[in-house]
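Peer 1: You'll find model-v4.cif just under this line, and it carries mmCIF, C-alpha atoms.
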```
data_protein
loop_
_atom_site.label_atom_id
_atom_site.label_comp_id
_atom_site.auth_asym_id
_atom_site.auth_seq_id
_atom_site.Cartn_x
_atom_site.Cartn_y
_atom_site.Cartn_z
CA ILE A 1 116.81 56.03 76.82
CA ARG A 2 118.59 56.83 80.09
CA PHE A 3 117.05 60.28 80.31
CA ASN A 4 113.50 59.32 79.28
CA SER A 5 112.61 58.80 82.93
CA TYR A 6 113.22 62.52 83.55
CA TYR A 7 110.61 63.35 80.93
CA TYR A 8 108.00 60.76 81.95
CA ARG A 9 108.37 61.47 85.65
CA LEU A 10 106.96 64.96 85.12
CA LYS A 11 103.63 63.54 83.92
CA GLY A 12 103.22 61.65 87.18
CA VAL A 13 104.18 64.58 89.39
CA PHE A 14 102.34 67.56 87.90
CA SER A 15 98.78 68.38 86.95
CA GLU A 16 98.26 68.84 83.19
CA GLU A 17 98.60 72.63 83.45
CA ASP A 18 101.73 72.46 85.62
CA TYR A 19 103.19 69.73 83.41
CA ASP A 20 102.96 72.01 80.36
CA LEU A 21 104.52 74.82 82.37
CA ALA A 22 107.36 72.57 83.59
CA ILE A 23 108.14 71.46 80.03
CA GLU A 24 108.15 75.06 78.85
CA ILE A 25 110.40 76.18 81.72
CA LEU A 26 112.88 73.37 81.11
CA CYS A 27 112.98 74.15 77.39
CA LEU A 28 113.61 77.85 78.04
CA ILE A 29 116.47 77.02 80.41
CA ALA A 30 117.88 74.40 78.01
CA GLU A 31 117.78 76.78 75.04
CA LYS A 32 119.09 79.86 76.86
CA ASN A 33 121.55 77.96 79.10
CA LYS A 34 120.41 80.07 82.08
CA ILE A 35 117.46 82.31 82.85
CA SER A 36 116.25 84.43 85.77
CA LYS A 37 112.84 84.03 87.37
CA LYS A 38 111.98 87.57 86.23
CA ASP A 39 112.79 86.73 82.62
CA LEU A 40 110.79 83.50 82.88
CA LEU A 41 107.73 85.46 84.00
CA GLU A 42 108.15 87.97 81.19
CA ILE A 43 108.60 85.31 78.51
CA LEU A 44 105.75 83.14 79.73
CA GLU A 45 103.51 86.19 80.28
CA ILE A 46 101.93 84.73 83.37
CA GLU A 47 102.43 87.41 85.99
CA GLU A 48 99.10 86.44 87.56
CA THR A 49 100.39 82.96 88.39
CA LYS A 50 103.65 83.76 90.17
CA GLN A 51 102.85 81.23 92.90
CA GLY A 52 102.23 78.54 90.27
CA ILE A 53 105.57 79.12 88.59
CA ALA A 54 107.33 79.27 91.97
CA SER A 55 105.83 75.91 92.90
CA VAL A 56 106.89 74.31 89.59
CA LEU A 57 110.40 75.76 89.90
CA LYS A 58 110.75 74.41 93.46
CA SER A 59 109.62 70.97 92.31
CA LEU A 60 112.07 70.99 89.40
CA GLU A 61 114.85 72.01 91.80
CA TYR A 62 113.91 69.41 94.42
CA ASP A 63 113.76 66.65 91.79
CA GLY A 64 117.23 67.51 90.51
CA TYR A 65 116.48 68.97 87.09
CA ILE A 66 117.66 72.53 87.77
CA HIS A 67 119.25 74.70 90.44
CA LEU A 68 119.23 78.38 91.28
CA ASN A 69 122.62 80.04 90.96
CA THR A 70 121.43 83.51 91.91
CA PRO A 71 119.90 85.10 89.98
CA ASN A 72 119.67 82.44 87.28
CA TYR A 73 118.26 78.96 86.94
CA ARG A 74 120.44 76.34 85.23
CA PHE A 75 120.28 72.62 84.57
CA ASN A 76 122.17 70.51 87.09
CA SER A 77 123.68 68.43 84.31
CA PRO A 78 124.93 69.76 80.97
CA ILE A 79 124.31 66.29 79.52
CA LEU A 80 120.67 66.32 80.65
CA GLN A 81 120.37 69.88 79.32
CA ALA A 82 121.66 68.86 75.87
CA TRP A 83 119.35 65.82 75.82
CA TRP A 84 116.37 67.90 76.95
CA LYS A 85 116.98 70.52 74.27
CA LYS A 86 117.39 67.93 71.52
CA TYR A 87 114.43 65.67 72.33
CA ASN A 88 111.86 67.75 74.19
CA CYS A 89 111.95 71.29 72.83
CA HIS A 90 110.33 72.30 69.57
#
```
Would you mind giving the structure from this file in structure tokens?
Peer 2:
Amino acid sequence: IRFNSYYYRLKGVFSEEDYDLAIEILCLIAEKNKISKKDLLEILEIEETKQGIASVLKSLEYDGYIHLNTPNYRFNSPILQAWWKKYNCH
């Protein structure tokens, strides 16, 4: 219950398209433990929307979900990461 606000907050912050992208990004990071921006673009196959992914990543960083530890993105909290993986990734 404590982490549900992290999930529901995304719906209020992002458009529907960006919300889906944010969920997918967070699941990729949660499942892989860390991932580079280059690998995210390759996996998501959205080279044409680099600015869109950059904007979502900045928002997720600013809101405290993830951080960039060059060259990889990671969750700020291993507890949030474990919760995210268990309850939000399929």
Peer 1: Hey, which of A:Val13, A:Cys89, A:Ala54, A:Leu26 ends up closest to Lys38 in chain A? Count all atoms listed in the file.
Peer 2: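 Using all atoms listed in the file, Lys38 in chain A sits closest to A:Ala54.
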Peer 1: From the set A:Asn4, A:Ser36, A:Asn88, A:Gln51, which residue has the shortest atom-to-atom contact distance to His67 in chain A, counting only C-alpha atoms?
Peer 2: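 The answer is A:Ser36, which sits nearest to His67 in chain A.
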Peer 1: Applied to the shown file, which residues does the PyMOL selection byres ((chain A and resi 44) around 10) return, written as a PyMOL selection string?
Peer 2: chain A and resi 21+24-25+28+39-43+45-47+53
Peer 1: I need the output of the PyMOL selection byres ((chain A and resi 76) around 6) for this file as a ChimeraX atom specification; which residues are they?
Peer 2: /A:65-66,75,77
Peer 1: So that I have them on file, write out the residues from the current selection with C-alpha atoms, as a CSV table (one decimal), in the frame of the given file.
Peer 2:
```csv
chain,number,residue,atom,x,y,z
A,65,TYR,CA,116.5,69.0,87.1
A,66,ILE,CA,117.7,72.5,87.8
A,75,PHE,CA,120.3,72.6,84.6
A,77,SER,CA,123.7,68.4,84.3
```
Peer 1: Which value, in Å to one decimal, gives the distance between CA of Ile35 in chain A and CA of Tyr87 in chain A?
Peer 2: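 A separation of 19.9 Å between them.
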Peer 1: Mind giving me the straight-line distance from CA of Lys11 in chain A to CA of Val56 in chain A in Å, one decimal?
Peer 2: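 CA of Val56 in chain A lies 12.6 Å from CA of Lys11 in chain A.
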Peer 1: I need the residue nearest Tyr73 in chain A from this list: A:Asn33, A:His90, A:Lys85, A:Leu10. Use all atoms listed in the file for the distance.
Peer 2: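 Nearest candidate to Tyr73 in chain A out of A:Asn33, A:His90, A:Lys85, A:Leu10: A:Asn33.
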Peer 1: Between A:Gly64, A:Asn72, A:Trp83, A:Lys58, single out the one closest to Arg9 in chain A, counting only C-alpha atoms.
Peer 2: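 For Arg9 in chain A, the nearest of the given residues is A:Gly64.
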Peer 1: So, with all atoms listed in the file as the atoms that count, which of A:Ala30, A:Ser59, A:Lys86, A:Tyr7 lies closest to Arg74 in chain A?
Peer 2: A:Ala30
Peer 1: Mind giving me the straight-line distance from CA of Glu16 in chain A to CA of Ser55 in chain A in Å, one decimal?
Peer 2: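 These atoms are spaced 14.2 Å apart.
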